[in-house]
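Data first, discussion second: the structure below is written as structure tokens.
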Amino acid sequence: NDRFRGWIVRILERKTKKVVGMFTPLPNGGGLIRDEGKGWGQDLKIKPGETKDAEKGELIAAEILSFPDDGKEFTGRVVQIIGNSADPLNDIQRVVHTLNIPFEFSERALREARTLSPHVSEKDMKGREDLRDLRFITIDGATAKDFDDAIFIEQNARGFRLFVAIADVSHYVRPGTGIDDEAVVRGTSVYFPNFVIPMLPEVLSNELCSLNPNVARLALVAEMQMDFTGTLIESDFYEAVIQSQARVTYGEAQEIIDGSRIEKLSHVHEDILRAADLAKILMAKRFREGSLDLEIPETQLMIDSSGNPIDVIRSERLFSHRLIEEMMLAANVAVAKFLASREIPSMYRIHESPNPDAITLLEKYLRNFGGNVKLDQGKLQKRLTKALQEFEGKPEAQVLNILTLRSMSQAKYSPNNLGHFGLGFEFYTHFTSPIRRYPDLIVHRLLKSQVMPGSSYRVMADEDLHTAGTMLSACEQRAAKAERQIQAIKKARFMQKHLGEEFDGVISSVTKFGLFVLLRQFEIDGLIHIDNLGKQGFARYEYDEENLRLYSKKSGQSFTIGDPIRIRVLAADIDEGKIDFEPAEVATRREKSKGKDDRADWK
């Protein structure tokens, strides 16, 4: 009919070029990495002389030399000995190698970085707006080292004038340079507990492009005039020189918003309060117009110097976090609207509407929880928000927020402006983090091509933007996967210390093979396999797809999403980052039964 069919003629390049696994020596002086996960199809042979003297059981990274096609063997050579897989200090390296995340800068990029001064030169400041007299501030986490953005707000007769100054990375990182080539391949910085793989060399990310306090820095500024309802009236974009007047942490900003005074920040006290006022207006407007407000708890791993997790705590989300988010959202929208008005190929951050089947499934969850909102009536974002508000403050709220997030499409980068469903924006891009995201750097160059006529900045071809959008979305997903894997590995290490202990949890998902349970104390989830639920007589639990539950016909007992459950930690697999639970009552019954058997043996 209208479908094309084809066949593979030749493989030009393999996606997987490196694998990680345990080394097994062979008598001939070579070795093996066994295909434990059945992901490659066969074991990888390490040629004699290519083992780097790896020893049995060591975790190694191997570069693939030949693939098992056209009668060839699957062979490779050891490129790095990571070490003992049981050593928590090797967790990050293992994930980085497994996902092929670039972590060493090329010699060309390092050579270019060495020529850069950590200080802004007078020559670079020429021709720019001088905004060093404005009281710009940065608000970031206490451990942050790279400051992408600074803000300043003043109130006037028309409303609020918001200045968002973003580090001018595009001034230093030009297309075709070694640093730019490296940044393209990385696509984004990758954040692990106590460790970062930056997109740019440190002299740029932590020094020259970081908006550190009390030093002159180059910035690309979005200046926006808003009325008292938060509606954008006009905007302007230009290169500038700024000087941050204070490095404020989220905690300090929140203290000031809550009414405290901090002596060292007294000179920007009113600026922070004015920013809070504008943020409240912008946030109310955004939710009024249909932006989703999903509160998904984030966990923070407390890691000691040996790489061991010592605690897993819920990250506290303050209003000061939202304050900065609202300013950045406003700047991203203003830039997206401006680029769209110029009718040039641009890079947008898009989030498509959810798949109808996913929404139907979500409606089932809501109905099972006792919800009354129909999601097919009116604007979907507003219906979802209303549905979640029904459960605000109830135990089911957290699980429902997670289930709603699961029903969403994945946001991505594209030159096709399809809008952002979750935020409810018709125009949206990423502009505010060029130190750590390459799409933002592309947007800076596109913006400069329009506001700086006669400059060296050029519009990109639509085809090139499509390619970049696909590739950079993949880089983002790779980074997110790496961060999730490290979280999973560290959480498994943490729960290994709690084997046999009992915790309260809530069922967050029900499948044919068992239940996923989220612990209330640690924000850690694990699986109760259906075999560990305990049998009702000789009958196993059955999966009820219509009502999304596991149930026993014999006893009438059932397990449904949102149900509270007390569990016992059964096992923790560090290599896989997986944790197994069992219901505490099943464990108790088994122990009682074992006690009877032991007494019978003694008698």
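How things are named: the first chain in the structure tokens is A, the next is B, and so on; residues count from 1 in each chain; ligands count from 1 in the order shown.
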Checklist line | Shell of 12 Å around range 409-417 of chain A, only C-alpha atoms, local chain residues under 4 positions omitted, as a ChimeraX atom specification | finding: /A:187,336-337,339-340,343-359,404-405,421-423,425-430,437-440,442-443,446,460-477,480
Next item on the list: Considering only C-alpha atoms, return as a list of chain:residue names whatever protein or nucleic-acid residues lie within 9 Å of Asp146 in chain A, sequence-local ones (same chain, fewer than 2 positions apart) excluded.
Entry: A:Ala144, A:Asp148, A:Leu204, A:Ser205, A:Asn206, A:Glu207, A:Cys209, A:Ser210, A:Leu211, A:Asn212, A:Ile435, A:Arg436
Once you have the residues from the selection above, write them out as a short mmCIF file (atom, residue, chain, number, x, y, z; two decimals), in the first residue's frame, restricted to C-alpha atoms.
```
data_model
loop_
_atom_site.label_atom_id
_atom_site.label_comp_id
_atom_site.auth_asym_id
_atom_site.auth_seq_id
_atom_site.Cartn_x
_atom_site.Cartn_y
_atom_site.Cartn_z
CA ALA A 144 26.50 24.82 42.97
CA ASP A 148 24.14 30.14 34.44
CA LEU A 204 34.49 27.99 31.23
CA SER A 205 31.89 26.19 33.35
CA ASN A 206 33.19 27.26 36.78
CA GLU A 207 35.09 30.43 35.92
CA CYS A 209 31.14 31.71 31.97
CA SER A 210 29.95 31.35 35.56
CA LEU A 211 28.18 34.46 36.89
CA ASN A 212 30.24 34.56 40.08
CA ILE A 435 26.83 26.10 30.41
CA ARG A 436 25.24 22.67 30.85
#
```
Next item on the list: Go through A:Arg520, A:Lys52, A:His97, A:Lys374 one by one, measure the shortest atom-to-atom distance of each to Gly21 in chain A using only C-alpha atoms, and give the residue with the smallest value.
Entry: A:His97
Margin query: Residues of range 416-531 of chain A classed as helix (DSSP H, G or I) by DSSP on the backbone are to be reported as a VMD selection string.
Written below: chain A and resid 438 to 451 462 to 496 530 to 531
Check: So which one's closest to Leu548 in chain A, A:Met408, A:Leu361, A:Ile272, A:Ile60? Using only C-alpha atoms, please.
Finding: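 Selected residue with least distance to Leu548 in chain A: A:Leu361.
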Next item on the list: Using only C-alpha atoms, determine which residues lie at most 10 Å from range 397-400 of chain A, disregarding the query and same-chain residues fewer than 2 positions distant; provide the list as a ChimeraX atom specification.
Entry: /A:294-297,362,365-366,369,387-395,402-406,506-509,518,561-563
Could you build a table of the residues in range 483-554 of chain A lying no more than 9 Å from range 77-94 of chain A, giving for each the nearest pair of atoms and their separation in Å rounded to one decimal place, using only C-alpha atoms, ordered by chain and ascending residue number, as a tab-separated table?
```
residue	atom	partner	partner_atom	distance
A:Ile486	CA	A:Ile92	CA	6.7
A:Ile489	CA	A:Asp91	CA	7.5
A:Lys490	CA	A:Pro88	CA	8.1
A:Arg493	CA	A:Pro88	CA	8.3
```
Same residues, N, CA, C and O atoms, output as an mmCIF file, in the first residue's frame:
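Resulting contents of out_14.cif:
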```
data_model
loop_
_atom_site.group_PDB
_atom_site.id
_atom_site.type_symbol
_atom_site.label_atom_id
_atom_site.label_comp_id
_atom_site.auth_asym_id
_atom_site.auth_seq_id
_atom_site.Cartn_x
_atom_site.Cartn_y
_atom_site.Cartn_z
ATOM 1 N N ILE A 486 22.663 5.368 38.715
ATOM 2 C CA ILE A 486 23.475 5.603 39.917
ATOM 3 C C ILE A 486 22.579 5.665 41.145
ATOM 4 O O ILE A 486 22.899 5.102 42.203
ATOM 5 N N ILE A 489 21.661 2.082 41.981
ATOM 6 C CA ILE A 489 22.782 1.324 42.553
ATOM 7 C C ILE A 489 23.035 1.752 43.999
ATOM 8 O O ILE A 489 23.208 0.911 44.892
ATOM 9 N N LYS A 490 23.060 3.052 44.238
ATOM 10 C CA LYS A 490 23.332 3.559 45.586
ATOM 11 C C LYS A 490 22.191 3.194 46.545
ATOM 12 O O LYS A 490 22.426 2.872 47.717
ATOM 13 N N ARG A 493 22.656 -0.355 47.493
ATOM 14 C CA ARG A 493 23.723 -0.457 48.509
ATOM 15 C C ARG A 493 23.174 -0.060 49.881
ATOM 16 O O ARG A 493 23.479 -0.685 50.891
#
```
Margin query: Considering only C-alpha atoms, can you say which of A:Thr138, A:Glu545, A:Gln245, A:Gln485 comes closest to Ser320 in chain A?
Written below: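 That would be A:Thr138, the residue with the smallest distance to Ser320 in chain A.
Minimum atom-to-atom distance to Ser106 in chain A, evaluated using only C-alpha atoms, belongs to A:Leu200 out of A:Leu200, A:Ala331, A:Met495, A:Ile528.
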Check: Which polymer residues have any atom within 8 Å of an atom of Arg135 in chain A, counting only C-alpha atoms, with same-chain residues fewer than 3 positions away left out, as a list in words?
Finding: Arg132, Phe152, Gln243, Ser244, Gln245, Val268 and Asp271 of chain A
File of the preceding selection, C-alpha atoms, as a JSON list (two decimals), in the first residue's frame:
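Result file out-v4.json:
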```json
[["chain", "number", "residue", "atom", "x", "y", "z"],
["A", 132, "ARG", "CA", 27.10, 46.47, 36.20],
["A", 152, "PHE", "CA", 17.14, 41.71, 38.59],
["A", 243, "GLN", "CA", 28.30, 42.01, 37.85],
["A", 244, "SER", "CA", 26.39, 39.81, 40.26],
["A", 245, "GLN", "CA", 25.97, 41.63, 43.59],
["A", 268, "VAL", "CA", 19.62, 42.85, 48.01],
["A", 271, "ASP", "CA", 15.22, 42.75, 45.45]]
```
Next item on the list: Show which residues sit within 6 Å of range 215-230 of chain A, as number ranges by chain. Count only C-alpha atoms, and ignore same-chain residues fewer than 2 positions away.
Entry: A: 158-168, 213, 232-243, 281-282
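The spacing separating CA of Ile257 in chain A from CA of Val333 in chain A amounts to 25.7 Å.
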